[in-house]
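Note: the block below is input25.tsv and it holds TSV, C-alpha atoms.
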```
chain	number	residue	atom	x	y	z
Z	80	MET	CA	0.00	0.00	0.00
Z	81	SER	CA	1.59	3.27	-1.05
Z	82	GLN	CA	1.80	6.29	1.18
Z	83	THR	CA	0.19	8.46	-1.49
Z	84	GLU	CA	-3.15	6.92	-0.55
Z	85	PHE	CA	-2.80	8.57	2.85
Z	86	ASN	CA	-2.01	12.02	1.44
Z	87	ASP	CA	-5.19	12.74	-0.47
Z	88	PRO	CA	-6.21	16.41	-0.64
Z	89	LEU	CA	-8.88	17.42	1.86
Z	90	TRP	CA	-11.53	17.96	-0.80
Z	91	ARG	CA	-11.09	14.40	-2.06
Z	92	GLN	CA	-11.23	13.02	1.47
Z	93	GLY	CA	-14.45	14.96	2.04
Z	94	ILE	CA	-16.08	13.62	-1.12
Z	95	SER	CA	-15.07	10.05	-0.27
Z	96	GLY	CA	-16.36	10.51	3.28
Z	97	ALA	CA	-19.74	11.72	2.02
Z	98	GLN	CA	-19.86	8.71	-0.30
Z	99	MET	CA	-19.23	6.32	2.61
Z	100	LEU	CA	-22.04	7.91	4.63
Z	101	PHE	CA	-24.33	7.62	1.60
Z	102	VAL	CA	-23.61	3.88	1.41
Z	103	ALA	CA	-24.31	3.39	5.13
Z	104	PHE	CA	-27.28	5.72	5.24
Z	105	GLY	CA	-30.14	3.34	4.44
Z	106	ALA	CA	-29.42	0.83	7.20
Z	107	LEU	CA	-28.27	3.56	9.58
Z	108	VAL	CA	-31.64	5.33	9.67
Z	109	LEU	CA	-33.87	2.28	9.13
Z	110	MET	CA	-32.93	0.67	12.44
Z	111	PRO	CA	-33.99	3.64	14.64
Z	112	LEU	CA	-37.18	4.07	12.61
Z	113	ILE	CA	-38.14	0.44	13.31
Z	114	THR	CA	-37.48	0.78	17.04
Z	115	GLY	CA	-39.09	4.19	17.48
Z	116	MET	CA	-35.89	6.13	18.06
Z	117	ASP	CA	-34.95	9.51	16.61
Z	118	PRO	CA	-32.97	8.95	13.36
Z	119	ASN	CA	-31.15	12.23	13.97
Z	120	VAL	CA	-29.86	10.85	17.27
Z	121	ALA	CA	-28.74	7.72	15.41
Z	122	LEU	CA	-26.81	9.89	12.95
Z	123	PHE	CA	-25.21	11.78	15.83
Z	124	THR	CA	-24.22	8.64	17.75
Z	125	ALA	CA	-22.92	6.97	14.58
Z	126	GLY	CA	-20.62	9.94	14.06
Z	127	ILE	CA	-19.53	10.11	17.69
Z	128	GLY	CA	-19.07	6.33	17.81
Z	129	THR	CA	-16.90	6.30	14.69
Z	130	LEU	CA	-14.72	9.09	16.08
Z	131	LEU	CA	-14.33	7.24	19.40
Z	132	PHE	CA	-13.40	4.07	17.52
Z	133	GLN	CA	-10.77	5.98	15.57
Z	134	LEU	CA	-9.38	7.48	18.77
Z	135	VAL	CA	-8.99	4.08	20.43
Z	136	THR	CA	-7.53	2.39	17.33
Z	137	LYS	CA	-5.24	5.37	16.60
Z	138	ARG	CA	-7.09	5.97	13.32
Z	139	GLN	CA	-5.64	2.90	11.62
Z	140	VAL	CA	-8.79	0.99	10.60
Z	141	PRO	CA	-11.00	2.42	7.79
Z	142	VAL	CA	-14.42	1.39	9.11
Z	143	PHE	CA	-17.65	3.26	9.84
Z	144	LEU	CA	-19.81	2.41	12.86
Z	145	ALA	CA	-23.59	2.83	12.90
Z	146	SER	CA	-26.90	1.28	14.01
Z	147	SER	CA	-26.81	-2.48	14.67
Z	148	PHE	CA	-29.79	-4.58	13.51
Z	149	ALA	CA	-28.84	-7.38	15.92
Z	150	PHE	CA	-30.39	-5.45	18.82
Z	151	ILE	CA	-33.80	-4.74	17.25
Z	152	ALA	CA	-35.67	-7.60	18.97
Z	153	PRO	CA	-34.43	-6.90	22.53
Z	154	ILE	CA	-34.90	-3.16	22.06
Z	155	LEU	CA	-38.53	-3.62	20.98
Z	156	ALA	CA	-39.20	-6.01	23.85
Z	157	ALA	CA	-37.44	-3.94	26.52
Z	158	LYS	CA	-38.92	-0.67	25.27
Z	159	GLY	CA	-42.45	-2.02	25.53
Z	160	GLU	CA	-41.86	-3.25	29.07
Z	161	PHE	CA	-39.49	-0.71	30.61
Z	162	GLY	CA	-39.46	2.35	28.34
Z	163	LEU	CA	-36.79	3.92	26.12
Z	164	PRO	CA	-34.64	5.43	28.93
Z	165	ALA	CA	-34.23	1.96	30.47
Z	166	VAL	CA	-33.34	0.57	27.03
Z	167	MET	CA	-30.55	3.13	26.81
Z	168	GLY	CA	-29.19	1.88	30.12
Z	169	GLY	CA	-29.16	-1.59	28.59
Z	170	VAL	CA	-27.31	-0.27	25.52
Z	171	ILE	CA	-24.62	1.18	27.78
Z	172	ALA	CA	-24.29	-2.20	29.51
Z	173	ALA	CA	-24.09	-3.97	26.12
Z	174	GLY	CA	-21.17	-1.74	25.22
Z	175	LEU	CA	-19.44	-2.78	28.43
Z	176	VAL	CA	-19.65	-6.42	27.25
Z	177	TYR	CA	-17.38	-5.44	24.37
Z	178	VAL	CA	-15.05	-3.72	26.83
Z	179	LEU	CA	-14.90	-6.90	28.94
Z	180	LEU	CA	-14.22	-9.04	25.87
Z	181	SER	CA	-11.52	-6.57	24.88
Z	182	ALA	CA	-9.80	-7.01	28.24
Z	183	LEU	CA	-10.01	-10.80	27.97
Z	184	VAL	CA	-8.54	-10.74	24.46
Z	185	LYS	CA	-5.73	-8.51	25.71
Z	186	LEU	CA	-4.96	-10.95	28.54
Z	187	ARG	CA	-5.50	-14.28	26.80
Z	188	GLY	CA	-5.22	-13.60	23.07
Z	189	PRO	CA	-7.79	-13.59	20.22
Z	190	SER	CA	-8.15	-17.39	20.27
Z	191	PHE	CA	-9.95	-17.04	23.61
Z	192	ILE	CA	-13.04	-15.71	21.80
Z	193	ASP	CA	-13.24	-18.80	19.61
Z	194	ARG	CA	-13.12	-21.07	22.66
Z	195	LEU	CA	-15.79	-19.12	24.55
Z	196	LEU	CA	-18.06	-18.38	21.59
Z	197	PRO	CA	-17.54	-21.00	18.85
Z	198	PRO	CA	-19.72	-21.03	15.70
Z	199	VAL	CA	-22.08	-23.62	17.20
Z	200	VAL	CA	-23.01	-21.01	19.84
Z	201	ILE	CA	-23.11	-17.84	17.78
Z	202	ALA	CA	-24.76	-19.18	14.60
Z	203	PRO	CA	-28.11	-20.25	16.12
Z	204	VAL	CA	-28.30	-16.97	18.04
Z	205	ILE	CA	-27.89	-15.01	14.80
Z	206	ILE	CA	-30.49	-17.21	13.08
Z	207	SER	CA	-32.89	-16.60	15.97
Z	208	ILE	CA	-32.38	-12.84	15.75
Z	209	GLY	CA	-33.41	-12.84	12.09
Z	210	LEU	CA	-36.33	-15.26	12.28
Z	211	ALA	CA	-37.76	-13.86	15.52
Z	212	LEU	CA	-38.09	-10.51	13.75
Z	213	SER	CA	-39.78	-11.93	10.64
Z	214	PRO	CA	-43.35	-11.31	11.94
Z	215	VAL	CA	-42.44	-7.64	12.44
Z	216	ALA	CA	-41.34	-7.34	8.80
Z	217	VAL	CA	-44.43	-9.12	7.48
Z	218	ASN	CA	-46.84	-7.07	9.60
Z	219	MET	CA	-45.23	-3.81	8.49
Z	220	ALA	CA	-45.24	-4.90	4.85
Z	221	MET	CA	-49.00	-5.48	5.14
Z	222	GLY	CA	-49.53	-2.01	6.60
Z	223	LYS	CA	-49.81	-2.97	10.26
Z	224	ALA	CA	-47.83	-1.97	13.33
Z	225	GLY	CA	-44.84	-4.20	14.03
Z	226	ASP	CA	-46.81	-6.28	16.54
Z	227	GLY	CA	-49.80	-6.53	14.20
Z	228	SER	CA	-52.13	-4.83	16.68
Z	229	VAL	CA	-53.18	-1.88	14.50
Z	230	GLU	CA	-53.71	-1.42	10.75
Z	231	LEU	CA	-51.90	1.78	9.78
Z	232	VAL	CA	-52.36	1.51	6.00
Z	233	PRO	CA	-55.07	-0.49	4.16
Z	234	TYR	CA	-53.79	-3.90	3.11
Z	235	SER	CA	-54.14	-3.45	-0.66
Z	236	THR	CA	-52.43	-0.06	-0.58
Z	237	ALA	CA	-49.68	-1.35	1.68
Z	238	MET	CA	-48.87	-4.25	-0.65
Z	239	MET	CA	-48.72	-1.88	-3.64
Z	240	ILE	CA	-46.00	-0.01	-1.75
Z	241	SER	CA	-44.08	-2.72	0.11
Z	242	MET	CA	-43.64	-5.22	-2.73
Z	243	PRO	CA	-42.13	-2.73	-5.24
Z	244	ALA	CA	-39.83	-1.50	-2.45
Z	245	LEU	CA	-38.73	-5.09	-1.79
Z	246	ILE	CA	-38.33	-5.93	-5.49
Z	247	THR	CA	-36.27	-2.78	-6.07
Z	248	THR	CA	-33.99	-3.67	-3.16
Z	249	LEU	CA	-33.55	-7.20	-4.55
Z	250	LEU	CA	-32.82	-6.03	-8.09
Z	251	VAL	CA	-30.28	-3.41	-7.03
Z	252	ALA	CA	-28.52	-5.89	-4.74
Z	253	VAL	CA	-28.28	-8.50	-7.53
Z	254	LEU	CA	-28.03	-6.47	-10.74
Z	255	GLY	CA	-26.54	-3.17	-9.54
Z	256	ARG	CA	-23.07	-2.16	-10.70
Z	257	GLY	CA	-20.35	-0.15	-9.00
Z	258	ILE	CA	-21.25	2.01	-6.03
Z	259	PHE	CA	-24.94	1.69	-6.97
Z	260	ARG	CA	-24.88	-1.97	-5.92
Z	261	LEU	CA	-23.96	-0.92	-2.38
Z	262	VAL	CA	-27.13	1.12	-1.80
Z	263	PRO	CA	-30.02	-1.35	-2.30
Z	264	ILE	CA	-31.78	-0.21	0.89
Z	265	LEU	CA	-31.65	3.44	-0.12
Z	266	SER	CA	-32.94	2.52	-3.59
Z	267	GLY	CA	-35.82	0.54	-2.12
Z	268	ILE	CA	-36.75	3.41	0.19
Z	269	ALA	CA	-36.69	5.88	-2.72
Z	270	VAL	CA	-38.97	3.77	-4.93
Z	271	GLY	CA	-41.29	2.88	-2.05
Z	272	CYS	CA	-41.65	6.50	-0.98
Z	273	ALA	CA	-42.28	7.61	-4.56
Z	274	ILE	CA	-45.14	5.12	-4.91
Z	275	ALA	CA	-46.46	6.06	-1.47
Z	276	ALA	CA	-46.48	9.73	-2.47
Z	277	VAL	CA	-48.48	8.95	-5.61
Z	278	LEU	CA	-50.97	6.95	-3.52
Z	279	GLY	CA	-51.27	9.78	-1.00
Z	280	VAL	CA	-49.87	7.82	1.94
Z	281	ILE	CA	-47.02	10.19	2.87
Z	282	ASP	CA	-47.92	13.11	5.13
Z	283	THR	CA	-45.44	16.00	4.75
Z	284	SER	CA	-47.19	18.47	7.05
Z	285	ALA	CA	-44.81	17.70	9.92
Z	286	VAL	CA	-41.83	18.36	7.63
Z	287	ASP	CA	-43.24	21.77	6.68
Z	288	GLN	CA	-43.64	22.72	10.34
Z	289	ALA	CA	-40.23	21.45	11.48
Z	290	ALA	CA	-37.31	23.84	11.99
Z	291	TRP	CA	-34.31	23.65	9.71
Z	292	LEU	CA	-31.88	23.52	12.62
Z	293	ALA	CA	-32.81	21.56	15.75
Z	294	VAL	CA	-31.08	19.64	18.51
Z	295	PRO	CA	-31.76	15.88	18.21
Z	296	ASN	CA	-34.14	14.37	20.77
Z	297	PHE	CA	-31.50	12.99	23.11
Z	298	VAL	CA	-32.68	10.54	25.79
Z	299	THR	CA	-31.28	10.36	29.32
Z	300	PRO	CA	-30.57	6.70	30.16
Z	301	GLU	CA	-31.90	4.92	33.23
Z	302	LEU	CA	-30.46	1.79	34.81
Z	303	HIS	CA	-32.97	-1.04	35.05
Z	304	TRP	CA	-31.84	-4.62	35.56
Z	305	GLY	CA	-34.69	-6.03	33.49
Z	306	ALA	CA	-33.73	-3.97	30.44
Z	307	ILE	CA	-30.04	-4.75	30.96
Z	308	LEU	CA	-30.82	-8.48	30.94
Z	309	TYR	CA	-32.60	-8.04	27.61
Z	310	MET	CA	-29.62	-6.29	26.01
Z	311	VAL	CA	-26.40	-7.74	27.43
Z	312	PRO	CA	-26.64	-11.37	26.19
Z	313	VAL	CA	-27.43	-10.23	22.66
Z	314	ALA	CA	-24.13	-8.32	22.53
Z	315	LEU	CA	-22.28	-11.63	22.15
Z	316	ALA	CA	-23.44	-12.17	18.55
Z	317	PRO	CA	-22.48	-8.75	17.13
Z	318	ALA	CA	-19.17	-9.00	19.01
Z	319	ILE	CA	-18.33	-12.04	16.90
Z	320	GLU	CA	-19.56	-10.25	13.77
Z	321	HIS	CA	-17.23	-7.41	14.75
Z	322	ILE	CA	-14.26	-9.78	14.55
Z	323	GLY	CA	-15.39	-10.88	11.09
Z	324	GLY	CA	-15.68	-7.24	10.06
Z	325	VAL	CA	-12.16	-6.44	11.26
Z	326	VAL	CA	-10.75	-9.44	9.39
Z	327	ALA	CA	-12.70	-8.44	6.26
Z	328	ILE	CA	-11.43	-4.86	6.16
Z	329	GLY	CA	-7.94	-6.23	6.80
Z	330	ASN	CA	-8.24	-8.48	3.75
Z	331	VAL	CA	-9.43	-5.52	1.67
Z	332	THR	CA	-6.58	-3.21	2.70
Z	333	GLY	CA	-3.88	-5.88	2.91
Z	334	LYS	CA	-3.23	-5.29	6.61
Z	335	ASN	CA	-3.62	-7.45	9.71
Z	336	PHE	CA	-5.73	-5.28	12.00
Z	337	VAL	CA	-6.14	-8.19	14.44
Z	338	LYS	CA	-2.46	-7.67	15.32
Z	339	LYS	CA	-2.14	-3.91	14.76
Z	340	PRO	CA	-3.84	-1.99	16.29
Z	341	GLY	CA	-5.06	-5.28	17.79
Z	342	LEU	CA	-8.41	-6.97	18.26
Z	343	HIS	CA	-8.52	-5.76	21.86
Z	344	ARG	CA	-8.43	-2.16	20.63
Z	345	THR	CA	-11.10	-2.63	17.96
Z	346	LEU	CA	-13.42	-4.37	20.43
Z	347	LEU	CA	-12.79	-1.60	22.95
Z	348	GLY	CA	-13.55	1.04	20.33
Z	349	ASP	CA	-16.79	-0.68	19.31
Z	350	GLY	CA	-17.79	-1.06	22.96
Z	351	LEU	CA	-17.16	2.59	23.80
Z	352	ALA	CA	-19.06	3.61	20.65
Z	353	THR	CA	-22.06	1.53	21.75
Z	354	SER	CA	-22.00	2.81	25.33
Z	355	ALA	CA	-21.69	6.38	24.08
Z	356	ALA	CA	-24.75	5.81	21.88
Z	357	GLY	CA	-26.68	4.71	24.96
Z	358	LEU	CA	-25.66	7.86	26.82
Z	359	PHE	CA	-27.28	10.03	24.12
Z	360	GLY	CA	-30.30	7.86	23.32
Z	361	GLY	CA	-29.07	6.20	20.14
Z	362	PRO	CA	-29.00	2.57	18.96
Z	363	PRO	CA	-25.98	0.30	19.56
Z	364	ASN	CA	-23.20	0.66	17.00
Z	365	THR	CA	-21.46	-1.91	14.83
Z	366	THR	CA	-19.06	-1.93	11.89
Z	367	TYR	CA	-20.84	-1.74	8.53
Z	368	ALA	CA	-20.11	-4.36	5.87
Z	369	GLU	CA	-21.62	-2.06	3.22
Z	370	VAL	CA	-18.92	0.51	3.91
Z	371	THR	CA	-16.23	-2.17	3.77
Z	372	GLY	CA	-17.58	-3.06	0.33
Z	373	ALA	CA	-17.37	0.59	-0.70
Z	374	VAL	CA	-13.77	0.76	0.54
Z	375	MET	CA	-12.92	-2.27	-1.59
Z	376	LEU	CA	-14.69	-0.86	-4.64
Z	377	THR	CA	-13.21	2.66	-4.46
Z	378	LYS	CA	-9.84	1.62	-2.95
Z	379	SER	CA	-10.27	4.43	-0.43
Z	380	TYR	CA	-8.08	2.94	2.30
Z	381	ASN	CA	-7.34	6.19	4.13
Z	382	PRO	CA	-8.96	6.06	7.62
Z	383	LYS	CA	-9.31	9.86	7.54
Z	384	ILE	CA	-12.16	9.34	5.08
Z	385	MET	CA	-14.20	7.79	7.89
Z	386	THR	CA	-13.50	10.87	10.00
Z	387	TRP	CA	-15.18	12.94	7.31
Z	388	ALA	CA	-18.11	10.50	7.14
Z	389	ALA	CA	-18.51	10.82	10.92
Z	390	VAL	CA	-18.42	14.62	10.78
Z	391	PHE	CA	-21.05	14.69	8.02
Z	392	ALA	CA	-23.28	12.35	10.06
Z	393	ILE	CA	-23.04	14.63	13.10
Z	394	ALA	CA	-23.83	17.68	10.96
Z	395	LEU	CA	-26.91	16.03	9.41
Z	396	ALA	CA	-28.14	15.17	12.91
Z	397	PHE	CA	-28.85	18.84	13.58
Z	398	ILE	CA	-31.01	19.41	10.48
Z	399	GLY	CA	-34.51	19.20	11.95
Z	400	LYS	CA	-36.47	18.87	8.69
Z	401	PHE	CA	-34.22	16.00	7.64
Z	402	GLY	CA	-35.06	13.92	10.70
Z	403	VAL	CA	-38.79	14.60	10.45
Z	404	ALA	CA	-38.73	13.64	6.77
Z	405	LEU	CA	-37.12	10.32	7.68
Z	406	GLN	CA	-39.80	9.68	10.30
Z	407	SER	CA	-42.49	10.22	7.65
Z	408	ILE	CA	-41.34	7.15	5.65
Z	409	PRO	CA	-44.46	4.94	5.47
Z	410	VAL	CA	-44.52	1.66	7.39
Z	411	PRO	CA	-45.05	-0.51	4.26
Z	412	VAL	CA	-41.86	0.86	2.71
Z	413	MET	CA	-39.83	-0.25	5.71
Z	414	GLY	CA	-41.71	-3.55	5.96
Z	415	GLY	CA	-40.99	-4.54	2.37
Z	416	ILE	CA	-37.26	-3.94	2.76
Z	417	LEU	CA	-37.15	-5.64	6.15
Z	418	CYS	CA	-38.50	-8.86	4.62
Z	419	LEU	CA	-35.10	-9.11	2.96
Z	420	LEU	CA	-32.96	-7.68	5.75
Z	421	PHE	CA	-34.27	-9.87	8.56
Z	422	GLY	CA	-34.03	-12.93	6.35
Z	423	SER	CA	-30.46	-11.93	5.53
Z	424	ILE	CA	-29.59	-11.90	9.23
Z	425	ALA	CA	-30.80	-15.49	9.55
Z	426	VAL	CA	-28.79	-16.49	6.48
Z	427	VAL	CA	-25.64	-15.05	8.06
Z	428	GLY	CA	-26.16	-17.51	10.90
Z	429	LEU	CA	-26.74	-20.41	8.50
Z	430	ASN	CA	-23.63	-19.45	6.57
Z	431	THR	CA	-21.64	-19.46	9.83
Z	432	LEU	CA	-22.62	-23.09	10.43
Z	433	ILE	CA	-21.77	-24.05	6.85
Z	434	ARG	CA	-18.51	-22.11	6.59
Z	435	HIS	CA	-17.13	-23.64	9.79
Z	436	GLN	CA	-18.47	-27.11	8.87
Z	437	VAL	CA	-20.27	-27.59	12.17
Z	438	ASP	CA	-21.31	-31.26	12.32
Z	439	LEU	CA	-25.00	-31.23	13.29
Z	440	SER	CA	-25.12	-35.03	13.31
Z	441	GLU	CA	-23.19	-34.93	16.59
Z	442	ALA	CA	-25.55	-34.89	19.58
Z	443	ARG	CA	-23.76	-32.03	21.35
Z	444	ASN	CA	-23.97	-29.64	18.41
Z	445	LEU	CA	-27.53	-30.70	17.62
Z	446	ILE	CA	-28.66	-30.00	21.20
Z	447	ILE	CA	-27.08	-26.55	21.35
Z	448	VAL	CA	-28.52	-25.43	18.01
Z	449	SER	CA	-31.97	-26.97	18.60
Z	450	VAL	CA	-32.57	-25.56	22.08
Z	451	THR	CA	-31.20	-22.16	21.09
Z	452	LEU	CA	-33.47	-21.87	18.05
Z	453	VAL	CA	-36.63	-22.93	19.88
Z	454	PHE	CA	-35.97	-20.65	22.85
Z	455	GLY	CA	-35.14	-17.70	20.61
Z	456	ILE	CA	-37.86	-18.00	17.97
Z	457	GLY	CA	-40.53	-19.49	20.23
Z	458	GLY	CA	-40.26	-16.72	22.82
Z	459	MET	CA	-39.47	-18.88	25.86
Z	460	VAL	CA	-39.61	-16.99	29.17
Z	461	ILE	CA	-37.81	-18.03	32.36
Z	462	GLY	CA	-38.40	-16.04	35.53
Z	463	GLY	CA	-41.04	-13.79	37.04
Z	464	LYS	CA	-42.11	-10.17	36.84
Z	465	GLU	CA	-39.07	-8.76	38.63
Z	466	PHE	CA	-36.43	-10.96	37.01
Z	467	ALA	CA	-37.05	-12.68	33.68
Z	468	LEU	CA	-35.12	-13.81	30.64
Z	469	SER	CA	-36.86	-14.32	27.31
Z	470	GLY	CA	-36.45	-14.45	23.56
Z	471	ILE	CA	-33.05	-13.63	22.07
Z	472	SER	CA	-31.45	-12.84	25.42
Z	473	LEU	CA	-32.46	-16.22	26.84
Z	474	CYS	CA	-31.35	-18.13	23.75
Z	475	ALA	CA	-27.93	-16.44	23.81
Z	476	ILE	CA	-27.37	-17.35	27.46
Z	477	SER	CA	-28.69	-20.87	26.85
Z	478	ALA	CA	-26.28	-21.43	23.95
Z	479	LEU	CA	-23.35	-20.14	26.00
Z	480	LEU	CA	-24.17	-22.29	29.03
Z	481	LEU	CA	-24.83	-25.44	26.99
Z	482	ASN	CA	-21.49	-25.00	25.27
Z	483	LEU	CA	-19.73	-24.69	28.63
Z	484	VAL	CA	-21.58	-27.55	30.34
Z	485	LEU	CA	-21.87	-30.24	27.66
Z	486	PRO	CA	-18.76	-32.41	27.20
Z	487	GLY	CA	-16.76	-32.47	23.96
Z	488	GLY	CA	-16.40	-28.75	23.38
Z	489	ALA	CA	-13.79	-29.14	20.63
Z	490	GLY	CA	-15.81	-31.74	18.71
Z	491	TRP	CA	-16.41	-29.73	15.56
Z	492	ARG	CA	-12.75	-28.63	15.42
Z	493	LYS	CA	-11.54	-32.23	15.80
Z	494	ARG	CA	-13.73	-33.16	12.86
Z	495	ASP	CA	-12.02	-30.51	10.73
Z	496	ALA	CA	-8.59	-31.78	11.78
Z	497	GLU	CA	-9.44	-35.40	10.97
Z	498	GLU	CA	-10.74	-34.52	7.53
Z	499	ALA	CA	-7.68	-32.39	6.81
```
Using structure tokens, write down the structure that the file contains.
Amino acid sequence: MSQTEFNDPLWRQGISGAQMLFVAFGALVLMPLITGMDPNVALFTAGIGTLLFQLVTKRQVPVFLASSFAFIAPILAAKGEFGLPAVMGGVIAAGLVYVLLSALVKLRGPSFIDRLLPPVVIAPVIISIGLALSPVAVNMAMGKAGDGSVELVPYSTAMMISMPALITTLLVAVLGRGIFRLVPILSGIAVGCAIAAVLGVIDTSAVDQAAWLAVPNFVTPELHWGAILYMVPVALAPAIEHIGGVVAIGNVTGKNFVKKPGLHRTLLGDGLATSAAGLFGGPPNTTYAEVTGAVMLTKSYNPKIMTWAAVFAIALAFIGKFGVALQSIPVPVMGGILCLLFGSIAVVGLNTLIRHQVDLSEARNLIIVSVTLVFGIGGMVIGGKEFALSGISLCAISALLLNLVLPGGAGWRKRDAEEA
């Protein structure tokens, strides 16, 4: 890698930074819209989180951090039971899980993560996250609230909006070329909103009344053990995805970021970014694969570009009309796109099992995956009103405990060695 790539003029860095934010934008704002958060706060915390990550990693890794879809299910559940301030307390605690993992990696090396959280543990949790959310996507696509309790848009109208939005997202993801291929979500939103406008579903009155400049609706966090228990176990899955993201960007740039700045630093940066998001009322942060794809496509390896992307995100957060316009995106538009996104999350889990050749004919692996999936998708609850574990949080803890308790923990690795 030549040094000239790190001496780009400021104007070029700024343009590349804006391009990276554009690529991340669709998923960045969709997650807070699904969970009822302020998208402007999500923009702000994505920018702050990316800057914190760069500070911790000494600005060596060209990644952008923004809203994590892995936390949607626990956020929706905890918000309904404890309220948004308590959810933010849980987000802070989830960030501290990354910090703890960072310390353990520093003390015991990166291989420790693989022993504690092997693919047979993480994969079914990721599958559960995607499939447990599938009813939310379907309900929204049909014009209902996420829980299906209220019809927000008539069914026939909703389907005329959601299906074209979904089809557009699919076509752009499969047939798109260049940078265009990296923005399928944004393309789906654009087409869906255009159709919704023609059908008279979009209400722009709130946008007209909103101020151009406004402080985002920050939320003061509250500590509530119930909400923390919803959030903390789920942090294990995106922590593993974080490692995959760091390895991926290393492959793109030709550098080993696991060694320098070190996996302990990248985990710490991601954890601080997530906890900082909770302090302001934003969603948990994670590294974005879309942006890594854009880095590979444009060969923009300079980490300073992500600084510009973060600054632009923070600036957009204070444009009041922009945030209100995002909140006016009709439910069917989001639902159509989520039919693909939530399914994609589940496929990531399936691919994890396949890629690591986990032998599901072995009783130990079969038990871990089976119990985890049923607990996560079925909505199992253990506990009472004051202290309860359920859904994704329960399935994550169950998978972790089963892996620690059941004998033969290295079974799937031995199988690989024998076949080799």
Which distance in Å separates atom CA of Ala106 of chain Z and atom CA of Ile322 of chain Z, to one decimal?
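Between atom CA of Ala106 of chain Z and atom CA of Ile322 of chain Z the gap works out to 19.9 Å.
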I'd like to know which of Z:Ile393, Z:Ala404, Z:Leu250, Z:Ile201 is closest to Asp282 of chain Z, using all atoms listed in the file.
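Of the candidates, the smallest distance to Asp282 of chain Z is held by Z:Ala404.
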Suppose you want the space between atom CA of Met219 of chain Z and atom CA of Val410 of chain Z; what is it in Å?
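We find that atom CA of Met219 of chain Z and atom CA of Val410 of chain Z lie 5.6 Å from each other.
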Counting all atoms listed in the file, which residue out of Z:Ser379, Z:Ser213, Z:Thr345, Z:Thr124 sits closest to Val325 of chain Z?
Z:Thr345
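Ranking Z:Glu369, Z:Asp349, Z:Glu441, Z:Asp226 by their shortest atom-to-atom distance to Leu180 of chain Z, with all atoms listed in the file included, puts Z:Asp349 first.
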Hey, could you make a per-residue contact list for segment 378-481 of chain Z against segment 127-150 of chain Z with 8 Å as the cut-off, showing the nearest pair of atoms and its distance in Å to one decimal, counting only C-alpha atoms, sorted by chain and number, as CSV?
```
residue,atom,partner,partner_atom,distance
Z:Tyr380,CA,Z:Pro141,CA,6.2
Z:Asn381,CA,Z:Pro141,CA,6.4
Z:Pro382,CA,Z:Pro141,CA,4.2
Z:Lys383,CA,Z:Arg138,CA,7.3
Z:Ile384,CA,Z:Pro141,CA,7.5
Z:Met385,CA,Z:Phe143,CA,6.0
Z:Thr386,CA,Z:Leu130,CA,6.5
Z:Ala388,CA,Z:Phe143,CA,7.7
Z:Ala389,CA,Z:Thr129,CA,6.1
Z:Ile393,CA,Z:Ile127,CA,7.3
```
Contacts of Lys223 of chain Z at 10 Å or less, counting all atoms listed in the file, minus same-chain residues fewer than 3 places along, as an MDAnalysis selection string?
chainID Z and resid 215:220 226:234 237 410:411 414
Selection: 12 Å around Gly168 of chain Z, all atoms listed in the file, excl. self and same-chain fewer than 3 positions, as a ChimeraX atom specification
/Z:154,157-158,161-165,171-175,298-311,353-363
Considering all atoms listed in the file, tabulate each residue of segment 91-159 of chain Z that lies at most 9 Å from segment 469-480 of chain Z along with its nearest interatomic pair and the corresponding distance in Å to one decimal; arrange the rows by chain and ascending residue number and present them as JSON lines.
```
{"residue": "Z:Ala152", "atom": "CA", "partner": "Z:Ile471", "partner_atom": "CA", "distance": 7.3}
{"residue": "Z:Pro153", "atom": "CA", "partner": "Z:Ile471", "partner_atom": "CA", "distance": 6.9}
{"residue": "Z:Ala156", "atom": "CA", "partner": "Z:Gly470", "partner_atom": "CA", "distance": 8.9}
```
Report, in Å with one decimal, the straight-line distance from atom CA of Ile192 of chain Z to atom CA of Val176 of chain Z.
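Between these atoms lies a distance of 12.6 Å.
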